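Below is final09.txt, which holds compact mmCIF, C-alpha atoms and all ligand atoms.
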```
# COMPACT_ATOMS: atom_id res chain seq x y z
CA MET A 3 9.64 6.53 -53.42
CA THR A 4 8.12 9.14 -51.17
CA TRP A 5 8.13 8.66 -47.42
CA GLN A 6 4.42 7.83 -47.49
CA GLU A 7 5.11 4.85 -49.75
CA GLN A 8 7.65 3.23 -47.47
CA SER A 9 6.07 0.26 -45.82
CA LEU A 10 5.77 0.22 -42.07
CA PRO A 11 6.80 -2.84 -40.08
CA ALA A 12 3.92 -5.22 -39.39
CA ASP A 13 4.12 -4.59 -35.65
CA HIS A 14 3.98 -0.81 -35.98
CA PRO A 15 1.41 0.49 -33.50
CA ALA A 16 -1.83 2.14 -34.58
CA VAL A 17 -1.08 5.79 -35.19
CA THR A 18 -3.46 7.30 -32.69
CA SER A 19 -6.29 5.97 -30.62
CA GLY A 20 -6.42 8.62 -27.90
CA ARG A 21 -7.11 6.07 -25.19
CA ILE A 22 -6.37 6.75 -21.53
CA GLY A 23 -4.98 4.17 -19.13
CA VAL A 24 -4.94 4.00 -15.34
CA LEU A 25 -2.57 1.64 -13.54
CA LEU A 26 -3.30 1.07 -9.84
CA VAL A 27 -0.20 -0.17 -8.03
CA ASN A 28 0.30 -1.58 -4.57
CA LEU A 29 3.29 -3.09 -2.84
CA GLY A 30 3.32 -6.74 -3.80
CA THR A 31 2.85 -10.05 -2.21
CA PRO A 32 3.99 -13.65 -2.62
CA GLU A 33 2.31 -15.96 -5.16
CA GLY A 34 1.45 -18.43 -2.43
CA PRO A 35 1.66 -18.69 1.38
CA ASP A 36 4.65 -21.06 1.24
CA ALA A 37 8.27 -20.43 2.18
CA ARG A 38 9.56 -20.68 -1.43
CA SER A 39 7.14 -18.08 -2.76
CA VAL A 40 7.76 -15.81 0.23
CA LYS A 41 11.52 -16.14 -0.28
CA ARG A 42 11.24 -15.11 -3.93
CA TYR A 43 9.04 -12.13 -2.99
CA LEU A 44 11.20 -10.97 -0.08
CA GLY A 45 14.35 -11.37 -2.19
CA GLU A 46 13.00 -8.88 -4.74
CA PHE A 47 11.42 -6.54 -2.18
CA LEU A 48 14.35 -6.35 0.21
CA SER A 49 16.90 -5.97 -2.62
CA ASP A 50 15.28 -2.68 -3.63
CA ARG A 51 17.72 0.07 -2.69
CA ARG A 52 14.76 2.36 -2.05
CA VAL A 53 13.56 -0.03 0.67
CA VAL A 54 16.78 -0.98 2.41
CA GLU A 55 19.19 1.92 2.18
CA ILE A 56 22.33 0.03 3.05
CA PRO A 57 25.10 -0.36 0.39
CA ALA A 58 24.49 -3.62 -1.49
CA ILE A 59 27.97 -4.90 -0.71
CA ALA A 60 27.13 -4.87 3.01
CA TRP A 61 23.42 -5.74 2.76
CA GLN A 62 23.29 -8.58 0.18
CA PRO A 63 25.36 -11.03 2.30
CA ILE A 64 23.05 -10.40 5.29
CA LEU A 65 19.94 -10.69 3.11
CA ARG A 66 21.06 -13.85 1.24
CA GLY A 67 23.02 -15.41 4.13
CA ILE A 68 20.61 -14.82 7.01
CA ILE A 69 17.27 -13.16 6.32
CA LEU A 70 16.19 -15.20 3.29
CA ASN A 71 17.09 -18.40 5.15
CA THR A 72 15.04 -17.62 8.25
CA ARG A 73 12.25 -15.14 7.59
CA PRO A 74 10.35 -16.84 4.70
CA LYS A 75 9.27 -19.80 6.86
CA LYS A 76 7.97 -17.53 9.62
CA SER A 77 6.34 -15.09 7.22
CA ALA A 78 4.72 -17.94 5.26
CA GLU A 79 3.06 -19.13 8.49
CA ALA A 80 1.69 -15.64 9.00
CA TYR A 81 0.47 -15.45 5.38
CA ARG A 82 -1.30 -18.80 5.77
CA LYS A 83 -3.45 -17.32 8.55
CA VAL A 84 -4.86 -14.61 6.29
CA TRP A 85 -4.76 -16.23 2.80
CA ARG A 86 -8.12 -16.20 0.98
CA ALA A 87 -9.67 -18.53 -1.58
CA ASP A 88 -8.89 -15.88 -4.21
CA GLY A 89 -5.28 -15.47 -3.06
CA SER A 90 -3.32 -12.91 -1.09
CA PRO A 91 -5.65 -10.31 0.46
CA LEU A 92 -3.53 -7.44 -0.87
CA ALA A 93 -3.64 -8.72 -4.46
CA ALA A 94 -7.30 -9.76 -4.30
CA ILE A 95 -8.39 -6.37 -2.94
CA THR A 96 -6.26 -4.39 -5.40
CA ARG A 97 -7.78 -6.45 -8.23
CA ALA A 98 -11.29 -5.73 -6.88
CA GLN A 99 -10.48 -2.00 -6.71
CA ALA A 100 -9.47 -2.03 -10.39
CA ASP A 101 -12.55 -4.08 -11.38
CA LYS A 102 -14.85 -1.60 -9.63
CA LEU A 103 -13.07 1.53 -10.82
CA ARG A 104 -13.30 0.47 -14.51
CA PRO A 105 -17.08 0.97 -14.90
CA MET A 106 -16.92 4.10 -12.72
CA LEU A 107 -14.49 5.77 -15.13
CA GLY A 108 -16.33 4.67 -18.26
CA ASP A 109 -15.47 3.39 -21.71
CA GLY A 110 -12.62 5.70 -22.71
CA VAL A 111 -10.42 4.64 -19.79
CA GLN A 112 -8.61 1.31 -19.47
CA VAL A 113 -7.99 0.33 -15.84
CA ARG A 114 -5.41 -2.28 -14.84
CA TRP A 115 -3.56 -3.14 -11.63
CA ALA A 116 -0.03 -4.17 -10.74
CA MET A 117 2.21 -5.08 -7.84
CA ARG A 118 5.59 -3.38 -7.39
CA TYR A 119 7.15 -6.71 -6.37
CA GLY A 120 5.92 -9.97 -7.85
CA GLU A 121 3.00 -10.34 -10.24
CA PRO A 122 1.29 -8.79 -12.11
CA ALA A 123 4.42 -6.71 -12.70
CA ILE A 124 4.34 -3.01 -13.58
CA GLY A 125 6.21 -3.45 -16.89
CA GLY A 126 3.80 -6.06 -18.22
CA GLU A 127 0.74 -4.05 -17.21
CA LEU A 128 2.08 -0.85 -18.79
CA GLN A 129 2.68 -2.85 -21.96
CA ALA A 130 -0.88 -4.21 -21.82
CA LEU A 131 -2.25 -0.67 -21.55
CA MET A 132 -0.15 0.43 -24.52
CA ASP A 133 -1.22 -2.63 -26.53
CA ALA A 134 -4.79 -1.55 -25.84
CA GLY A 135 -3.97 1.80 -27.44
CA CYS A 136 -3.36 3.94 -24.35
CA GLU A 137 -1.20 6.93 -25.16
CA ARG A 138 -1.70 8.65 -21.84
CA ILE A 139 -1.30 6.72 -18.62
CA LEU A 140 -1.96 7.69 -15.03
CA LEU A 141 0.30 5.72 -12.72
CA ALA A 142 -1.44 5.51 -9.36
CA PRO A 143 0.62 4.16 -6.44
CA LEU A 144 -2.05 3.50 -3.81
CA TYR A 145 -0.14 5.06 -0.92
CA PRO A 146 -1.87 8.05 0.67
CA GLN A 147 1.38 9.11 2.39
CA TYR A 148 4.39 9.60 0.10
CA CYS A 149 7.45 7.54 0.94
CA ALA A 150 10.52 6.91 -1.22
CA ALA A 151 10.35 3.21 -0.27
CA THR A 152 6.82 2.87 -1.66
CA THR A 153 5.77 5.71 -3.99
CA ALA A 154 9.12 6.58 -5.59
CA THR A 155 10.04 2.99 -6.29
CA VAL A 156 6.82 2.54 -8.30
CA VAL A 157 7.79 5.47 -10.50
CA ASP A 158 11.35 4.09 -10.82
CA LYS A 159 9.99 0.74 -12.00
CA ALA A 160 7.67 2.35 -14.54
CA ALA A 161 10.58 4.47 -15.79
CA ASP A 162 12.65 1.27 -16.26
CA LYS A 163 9.94 0.04 -18.63
CA LEU A 164 9.67 3.35 -20.47
CA ARG A 165 13.43 3.38 -20.92
CA GLU A 166 13.06 0.41 -23.32
CA MET A 167 10.56 2.16 -25.56
CA ARG A 168 11.07 4.19 -28.66
CA TRP A 169 7.52 5.54 -28.58
CA GLN A 170 6.61 6.26 -24.99
CA PRO A 171 3.18 7.04 -23.63
CA SER A 172 2.64 10.26 -21.67
CA LEU A 173 2.77 9.53 -18.00
CA ARG A 174 1.21 11.24 -15.02
CA THR A 175 1.53 10.09 -11.42
CA LEU A 176 -1.07 10.28 -8.68
CA PRO A 177 0.20 12.66 -5.99
CA PRO A 178 0.10 11.65 -2.33
CA TYR A 179 -3.38 12.24 -0.90
CA HIS A 180 -2.67 12.12 2.84
CA ASP A 181 -4.44 15.44 3.51
CA ASP A 182 -6.95 15.39 0.69
CA PRO A 183 -10.43 16.20 2.05
CA VAL A 184 -11.86 13.44 -0.15
CA TYR A 185 -9.62 10.87 1.57
CA ILE A 186 -10.13 12.24 5.07
CA ASP A 187 -13.92 12.33 4.50
CA ALA A 188 -13.89 8.72 3.25
CA LEU A 189 -11.89 7.56 6.27
CA ALA A 190 -14.03 9.51 8.75
CA ALA A 191 -17.26 8.13 7.26
CA ASP A 192 -16.03 4.55 6.95
CA LEU A 193 -14.32 4.33 10.35
CA GLY A 194 -17.31 6.08 11.95
CA ALA A 195 -19.67 3.45 10.52
CA GLN A 196 -17.39 0.61 11.68
CA LEU A 197 -17.17 2.10 15.18
CA ASP A 198 -20.97 2.45 15.30
CA ALA A 199 -21.34 -1.22 14.38
CA LEU A 200 -19.15 -2.46 17.27
CA ASP A 201 -20.87 -4.03 20.27
CA PHE A 202 -18.65 -1.99 22.62
CA ASP A 203 -17.42 1.59 22.93
CA PRO A 204 -13.63 1.78 22.59
CA GLU A 205 -11.91 4.02 25.11
CA VAL A 206 -9.00 4.44 22.69
CA LEU A 207 -8.71 4.42 18.90
CA LEU A 208 -5.15 3.68 17.80
CA LEU A 209 -4.17 4.86 14.31
CA SER A 210 -1.36 2.55 13.21
CA PHE A 211 0.79 3.45 10.19
CA HIS A 212 3.50 1.28 8.64
CA GLY A 213 6.88 2.23 10.12
CA MET A 214 10.09 3.37 8.46
CA PRO A 215 13.65 3.74 9.69
CA GLN A 216 14.01 7.01 11.68
CA ARG A 217 16.94 7.85 9.40
CA THR A 218 14.65 8.31 6.38
CA LEU A 219 12.88 11.12 8.23
CA GLU A 220 16.22 12.75 8.97
CA LEU A 221 17.20 12.42 5.30
CA GLY A 222 14.10 14.36 4.29
CA ASP A 223 11.45 11.78 3.46
CA PRO A 224 8.03 13.38 4.06
CA TYR A 225 6.39 10.10 5.09
CA HIS A 226 6.37 10.73 8.83
CA CYS A 227 4.94 14.25 8.40
CA HIS A 228 2.29 12.92 6.01
CA CYS A 229 1.22 10.28 8.53
CA ARG A 230 1.04 12.84 11.32
CA LYS A 231 -1.07 15.15 9.20
CA THR A 232 -3.51 12.39 8.22
CA ALA A 233 -3.80 11.49 11.90
CA ARG A 234 -4.39 15.09 12.98
CA LEU A 235 -7.08 15.69 10.34
CA LEU A 236 -8.80 12.41 11.11
CA GLU A 237 -8.63 13.04 14.84
CA ALA A 238 -10.41 16.37 14.37
CA ARG A 239 -13.16 14.58 12.44
CA LEU A 240 -13.63 11.88 15.09
CA ALA A 241 -13.19 14.17 18.13
CA ASP A 242 -16.89 14.32 19.02
CA ARG A 243 -16.91 10.59 19.75
CA GLY A 244 -15.07 11.17 23.02
CA MET A 245 -12.40 8.48 22.46
CA GLU A 246 -8.75 9.10 23.06
CA ILE A 247 -6.96 8.88 19.69
CA ARG A 248 -3.30 7.83 19.46
CA THR A 249 -0.91 7.33 16.57
CA SER A 250 1.81 4.69 16.27
CA PHE A 251 4.05 2.95 13.71
CA GLN A 252 4.07 -0.81 13.11
CA SER A 253 6.06 -3.59 11.42
CA ARG A 254 9.55 -2.74 12.62
CA PHE A 255 12.18 -4.62 10.59
CA GLY A 256 15.86 -5.02 11.43
CA ARG A 257 18.02 -3.45 14.09
CA ALA A 258 17.93 0.23 13.14
CA LYS A 259 15.78 2.69 15.06
CA TRP A 260 12.36 3.01 13.44
CA LEU A 261 9.69 5.69 13.78
CA GLU A 262 8.14 5.74 17.22
CA PRO A 263 6.02 5.08 19.14
CA ALA A 264 5.84 1.46 18.03
CA THR A 265 2.36 -0.03 17.67
CA ASP A 266 3.10 -3.22 19.65
CA ALA A 267 4.62 -1.27 22.57
CA THR A 268 1.69 1.16 22.52
CA ILE A 269 -0.90 -1.64 22.61
CA GLU A 270 0.84 -3.18 25.60
CA GLU A 271 1.28 0.12 27.40
CA LEU A 272 -2.40 1.00 26.91
CA ALA A 273 -3.52 -2.33 28.36
CA ARG A 274 -1.09 -2.13 31.29
CA SER A 275 -2.23 1.38 32.15
CA GLY A 276 -5.87 0.26 32.38
CA THR A 277 -7.42 0.58 28.91
CA LYS A 278 -9.94 -2.24 28.59
CA ARG A 279 -11.53 -1.45 25.21
CA LEU A 280 -9.37 -0.72 22.16
CA ALA A 281 -9.99 -0.25 18.44
CA ILE A 282 -7.17 -0.07 15.87
CA ALA A 283 -7.35 1.41 12.38
CA ALA A 284 -4.65 1.49 9.69
CA PRO A 285 -5.44 4.57 7.58
CA GLY A 286 -2.17 4.40 5.60
CA PHE A 287 -3.06 1.06 3.96
CA SER A 288 -5.48 1.24 1.02
CA ALA A 289 -6.05 -2.48 1.25
CA ASP A 290 -6.02 -4.99 4.06
CA CYS A 291 -2.91 -7.14 3.92
CA LEU A 292 -0.60 -9.21 6.07
CA GLU A 293 0.31 -6.15 8.14
CA THR A 294 -3.28 -5.36 9.10
CA LEU A 295 -4.93 -8.80 9.12
CA GLU A 296 -2.16 -10.68 10.90
CA GLU A 297 0.04 -8.16 12.68
CA LEU A 298 -2.78 -5.92 13.94
CA ALA A 299 -5.90 -8.08 14.00
CA ILE A 300 -4.29 -11.32 15.27
CA GLN A 301 -1.05 -10.38 17.04
CA GLY A 302 -2.41 -7.03 18.27
CA ARG A 303 -5.40 -8.68 19.90
CA GLU A 304 -3.16 -11.26 21.59
CA GLN A 305 -0.80 -8.55 22.88
CA PHE A 306 -3.68 -6.43 24.18
CA GLN A 307 -5.44 -9.27 25.95
CA ALA A 308 -2.23 -10.74 27.39
CA ALA A 309 -1.50 -7.37 29.00
CA GLY A 310 -4.95 -7.07 30.61
CA GLY A 311 -7.12 -5.58 27.85
CA GLU A 312 -10.62 -6.98 27.30
CA ARG A 313 -12.42 -5.83 24.17
CA PHE A 314 -10.48 -5.38 20.92
CA ALA A 315 -11.42 -4.54 17.33
CA ALA A 316 -9.20 -4.15 14.26
CA LEU A 317 -11.12 -1.98 11.81
CA ALA A 318 -10.99 -2.70 8.06
CA CYS A 319 -9.15 -0.54 5.53
CA LEU A 320 -11.12 1.34 2.86
CA ASN A 321 -10.51 -1.58 0.47
CA ASP A 322 -13.06 -1.86 -2.35
CA GLY A 323 -15.95 -0.68 -0.18
CA PRO A 324 -18.26 2.16 -1.30
CA ALA A 325 -16.44 4.95 0.60
CA GLY A 326 -13.03 3.79 -0.65
CA MET A 327 -14.19 3.41 -4.26
CA ALA A 328 -15.88 6.83 -4.33
CA MET A 329 -12.63 8.30 -2.99
CA LEU A 330 -10.49 6.50 -5.61
CA ASP A 331 -12.84 7.56 -8.39
CA ALA A 332 -12.60 11.21 -7.25
CA ILE A 333 -8.82 11.40 -6.86
CA VAL A 334 -8.15 9.51 -10.11
CA ARG A 335 -10.65 11.60 -12.10
CA ARG A 336 -9.03 14.78 -10.83
CA GLU A 337 -5.64 13.66 -12.21
CA LEU A 338 -7.24 12.76 -15.55
CA SER A 339 -8.55 16.29 -16.00
CA GLY A 340 -7.75 17.60 -19.45
CA TRP A 341 -7.43 13.97 -20.62
CA ILE A 342 -11.10 13.06 -20.21
C1 LIG B 1 13.19 -2.46 5.40
C2 LIG B 1 12.07 -2.97 5.47
C3 LIG B 1 10.76 -2.37 5.16
C4 LIG B 1 10.39 -1.04 4.88
C5 LIG B 1 11.25 0.18 4.85
C6 LIG B 1 8.98 -1.06 4.61
C7 LIG B 1 8.19 0.07 4.29
C8 LIG B 1 6.84 0.04 3.98
N1 LIG B 1 6.04 -1.07 3.74
C9 LIG B 1 4.75 -0.67 3.47
C10 LIG B 1 3.65 -1.48 3.20
C11 LIG B 1 3.63 -2.87 3.31
N2 LIG B 1 4.64 -3.67 3.78
C12 LIG B 1 4.24 -4.98 3.75
C13 LIG B 1 4.99 -6.10 4.12
C14 LIG B 1 6.33 -6.07 4.51
N3 LIG B 1 7.12 -4.98 4.76
C15 LIG B 1 8.41 -5.37 5.07
C16 LIG B 1 9.52 -4.55 5.30
C17 LIG B 1 9.57 -3.17 5.08
N4 LIG B 1 8.53 -2.34 4.75
C18 LIG B 1 8.43 -6.81 5.01
C19 LIG B 1 9.65 -7.66 5.26
C20 LIG B 1 7.16 -7.23 4.65
C21 LIG B 1 6.74 -8.68 4.32
C22 LIG B 1 6.08 -9.42 5.33
C23 LIG B 1 6.99 -9.90 6.41
O1 LIG B 1 7.85 -10.75 6.14
O2 LIG B 1 6.81 -9.40 7.51
C24 LIG B 1 2.90 -5.04 3.24
C25 LIG B 1 2.02 -6.27 3.11
C26 LIG B 1 2.34 -7.19 1.98
C27 LIG B 1 1.38 -8.32 1.87
O3 LIG B 1 1.70 -9.27 1.14
O4 LIG B 1 0.30 -8.36 2.46
C28 LIG B 1 2.51 -3.73 2.96
C29 LIG B 1 1.22 -3.25 2.36
C30 LIG B 1 4.73 0.75 3.55
C31 LIG B 1 3.49 1.60 3.31
C32 LIG B 1 6.01 1.19 3.86
C33 LIG B 1 6.56 2.53 4.05
C34 LIG B 1 5.93 3.53 4.45
FE FE B 2 6.49 -2.99 4.64
FE FE B 3 4.71 -7.34 9.56
```
Would you write the structure of this file as structure tokens?
Amino acid sequence: MTWQEQSLPADHPAVTSGRIGVLLVNLGTPEGPDARSVKRYLGEFLSDRRVVEIPAIAWQPILRGIILNTRPKKSAEAYRKVWRADGSPLAAITRAQADKLRPMLGDGVQVRWAMRYGEPAIGGELQALMDAGCERILLAPLYPQYCAATTATVVDKAADKLREMRWQPSLRTLPPYHDDPVYIDALAADLGAQLDALDFDPEVLLLSFHGMPQRTLELGDPYHCHCRKTARLLEARLADRGMEIRTSFQSRFGRAKWLEPATDATIEELARSGTKRLAIAAPGFSADCLETLEELAIQGREQFQAAGGERFAALACLNDGPAGMAMLDAIVRRELSGWI
């Protein structure tokens, strides 16, 4: 019997199809706005050693003994304030981004989406792309600024899946795009249009990025530098509007020192020092989520007004709007070059 005559197993994949896959990935979110779902989600998220860089032997008792018994109830209340008919804003918007990107990229490219924590999981979505015949896959973590706790952990999770395979697809990853002119242009155009549509002129525009422990900067994570560069480039583009532009870091978690200045302290300080009209944008988030819709838009407004501020606007993220989709199409297409 020659090798050609040996029968292949029934589940042997098609030999070649040449298809291309794109997997958009964002952080993850609970299945529902209830304490049980939030507990499951936070348990997975906060057990990731890329996210909390404390030895497991010291961290797991604190996580399981304290945090997962107190935080889920509080976080679930916050999620309930922003939950939509089609689910968690982060998941619904990421899904919409994938649905809109698919026809933009055309027939030869399969587009799917995943969440790093929770569902749809990265492993299952990579498998679905391979089952659809994709031999080359672009993994696209939707974080403009690189951070080990967000970008690297997506690549780790994909690698865990690839580790199980005999016949792996070729994988590319979307680089950080914090200083990409396409991204800065999209932000400048979209934020400019939102500012024009307000019924007041903000004296200050606050650019709020998600925070990180200060230690990660000292250990060499480029996240802080990437945020600063995005802010500087955006500031130059919005300079002719005559607003003061500030940058801050939100969502502090735990007792360690986080990147400063903190968004909540900045909002309060602005109001106390006489700022009456404030707008906040979150250029590091590709999709509105708990951190923008609740922490900035709800809590931020309360903090600002309680400290003497009057007019307040939380501007939307790029989401699946036209500027954001044109930007995603451009940066994804660039990484597919040579493949399509
Ligand atoms: C150690 C804790 C955390 C680090 C480090 C961290 C980094 C980090 N997070 C994002 C983006 C998002 N975080 C979101 C929610 C969220 N983040 C933390 C903690 C850390 N984040 C918690 C505990 C939560 C859950 C909500 C809560 O209980 O407060 C979200 C929103 C998720 C959603 O469902 O809407 C995003 C997005 C980045 C970009 C980042 C590092 C740069
Ligand atoms: Fe976070
Ligand atoms: Fe938060």
Worksheet item: From the list A:Asp198, A:Asp266, A:Glu137, A:Glu121, which residue is nearest Gly20 (chain A) when using only C-alpha atoms?
Response: A:Glu137
Worksheet item: With all atoms listed in the file as the basis for distance, which of A:Val206, A:Val111, A:Met214, A:Val27 is at the shortest distance from ligand FE 2 (chain B)?
Response: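 Closest to ligand FE 2 (chain B), using all atoms listed in the file: A:Met214.
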Worksheet item: Of the candidates A:Gln129, A:Thr96, A:Gln301, A:Thr152, which shows the shortest atom-to-atom distance to Ser253 (chain A), using only C-alpha atoms?
Response: A:Gln301
Discussion item. How would you report the residues lying within 10 Å of ligand FE 3 (chain B), as a list in words, if you count all atoms listed in the file?
Written reply: Ser77, Ala80, His212, Gly213, Gln252, Ser253, Arg254, Phe255, Cys291, Leu292, Glu293, Thr294, Leu295, Glu296, Glu297, Leu298 and Gln301 of chain A
Practice prompt. Counting all atoms listed in the file, name the residues that have an atom within 8 Å of an atom of ligand LIG 1 (chain B); the answer should be given as a VMD selection string.
Written response: chain A and resid 28 to 32 40 44 47 to 48 53 to 54 73 to 74 76 to 78 81 90 to 93 145 147 to 152 211 to 215 225 253 to 256 286 to 287 289 to 293
Worksheet item: Quick one: of A:Cys136, A:Phe251, A:Arg66, A:Asp182, who's nearest to ligand FE 2 (chain B), counting only C-alpha atoms and all ligand atoms?
Response: A:Phe251
Practice prompt. Go through A:Arg52, A:Pro224, A:Gly108, A:Ala160 one by one, measure the shortest atom-to-atom distance of each to ligand FE 2 (chain B) using all atoms listed in the file, and give the residue with the smallest value.
Written response: A:Arg52
Using all atoms listed in the file, determine which residues lie at most 10 Å from Ile282 (chain A), disregarding the query and same-chain residues fewer than 6 positions distant; provide the list as an mmCIF file with C-alpha atoms, in the frame of the given file.
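What ended up in part-v9.cif:
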```
data_model
loop_
_atom_site.group_PDB
_atom_site.id
_atom_site.type_symbol
_atom_site.label_atom_id
_atom_site.label_comp_id
_atom_site.auth_asym_id
_atom_site.auth_seq_id
_atom_site.Cartn_x
_atom_site.Cartn_y
_atom_site.Cartn_z
ATOM 1 C CA PRO A 204 -13.630 1.780 22.590
ATOM 2 C CA VAL A 206 -9.000 4.440 22.690
ATOM 3 C CA LEU A 207 -8.710 4.420 18.900
ATOM 4 C CA LEU A 208 -5.150 3.680 17.800
ATOM 5 C CA LEU A 209 -4.170 4.860 14.310
ATOM 6 C CA SER A 210 -1.360 2.550 13.210
ATOM 7 C CA ILE A 247 -6.960 8.880 19.690
ATOM 8 C CA ARG A 248 -3.300 7.830 19.460
ATOM 9 C CA THR A 249 -0.910 7.330 16.570
ATOM 10 C CA THR A 265 2.360 -0.030 17.670
ATOM 11 C CA ILE A 269 -0.900 -1.640 22.610
ATOM 12 C CA THR A 294 -3.280 -5.360 9.100
ATOM 13 C CA LEU A 298 -2.780 -5.920 13.940
ATOM 14 C CA ALA A 299 -5.900 -8.080 14.000
ATOM 15 C CA GLY A 302 -2.410 -7.030 18.270
ATOM 16 C CA ARG A 303 -5.400 -8.680 19.900
ATOM 17 C CA PHE A 314 -10.480 -5.380 20.920
ATOM 18 C CA ALA A 315 -11.420 -4.540 17.330
ATOM 19 C CA ALA A 316 -9.200 -4.150 14.260
ATOM 20 C CA LEU A 317 -11.120 -1.980 11.810
ATOM 21 C CA ALA A 318 -10.990 -2.700 8.060
#
```
Worksheet item: Which of these, A:Gln307, A:Tyr185, A:Pro285, A:Pro35, has the shortest distance to Arg230 (chain A) once you count only C-alpha atoms?
Response: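 Closest to Arg230 (chain A), using only C-alpha atoms: A:Pro285.
Omitting Met167 (chain A) and its sequence neighbours fewer than 3 positions away, and counting all atoms listed in the file, the residues within 12 Å are A:Gly125, A:Leu128, A:Gln129, A:Met132, A:Ala160, A:Ala161, A:Asp162, A:Lys163, A:Leu164, A:Gln170, A:Pro171, A:Ser172.
If you look at CA of Tyr179 (chain A) and CA of Ile333 (chain A), they are 8.1 Å away from each other.
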Practice prompt. Would you list the residues near (-14.6, 3.0, 1.9), meaning any protein, DNA or RNA residue with an atom at most 12 Å from that point in file coordinates, counting all atoms listed in the file, as a PyMOL selection string?
Written response: chain A and resi 99+184-196+285+287-290+317-331
Could you please fill out region 308-322 of chain A with N, CA and C atoms and send it back as a short mmCIF file (atom, residue, chain, number, x, y, z; two decimals), in the frame of the given file?
```
data_model
loop_
_atom_site.label_atom_id
_atom_site.label_comp_id
_atom_site.auth_asym_id
_atom_site.auth_seq_id
_atom_site.Cartn_x
_atom_site.Cartn_y
_atom_site.Cartn_z
N ALA A 308 -3.24 -10.19 26.47
CA ALA A 308 -2.23 -10.74 27.39
C ALA A 308 -1.81 -9.70 28.42
N ALA A 309 -1.93 -8.43 28.07
CA ALA A 309 -1.50 -7.37 29.00
C ALA A 309 -2.67 -6.82 29.82
N GLY A 310 -3.84 -7.47 29.74
CA GLY A 310 -4.95 -7.07 30.61
C GLY A 310 -6.10 -6.39 29.91
N GLY A 311 -6.01 -6.19 28.59
CA GLY A 311 -7.12 -5.58 27.85
C GLY A 311 -8.27 -6.58 27.69
N GLU A 312 -9.46 -6.07 27.42
CA GLU A 312 -10.62 -6.98 27.30
C GLU A 312 -11.23 -6.99 25.91
N ARG A 313 -11.76 -5.86 25.48
CA ARG A 313 -12.42 -5.83 24.17
C ARG A 313 -11.49 -5.22 23.14
N PHE A 314 -11.45 -5.82 21.94
CA PHE A 314 -10.48 -5.38 20.92
C PHE A 314 -11.13 -5.47 19.55
N ALA A 315 -10.93 -4.47 18.72
CA ALA A 315 -11.42 -4.54 17.33
C ALA A 315 -10.36 -3.95 16.40
N ALA A 316 -10.05 -4.69 15.33
CA ALA A 316 -9.20 -4.15 14.26
C ALA A 316 -10.14 -3.75 13.13
N LEU A 317 -10.19 -2.47 12.82
CA LEU A 317 -11.12 -1.98 11.81
C LEU A 317 -10.54 -2.21 10.40
N ALA A 318 -11.44 -2.41 9.43
CA ALA A 318 -10.99 -2.70 8.06
C ALA A 318 -10.48 -1.43 7.37
N CYS A 319 -9.61 -1.65 6.38
CA CYS A 319 -9.15 -0.54 5.53
C CYS A 319 -10.28 -0.14 4.57
N LEU A 320 -10.06 0.90 3.79
CA LEU A 320 -11.12 1.34 2.86
C LEU A 320 -11.39 0.27 1.80
N ASN A 321 -10.36 -0.46 1.41
CA ASN A 321 -10.51 -1.58 0.47
C ASN A 321 -11.34 -1.21 -0.76
N ASP A 322 -12.21 -2.14 -1.19
CA ASP A 322 -13.06 -1.86 -2.35
C ASP A 322 -14.49 -1.55 -1.91
#
```
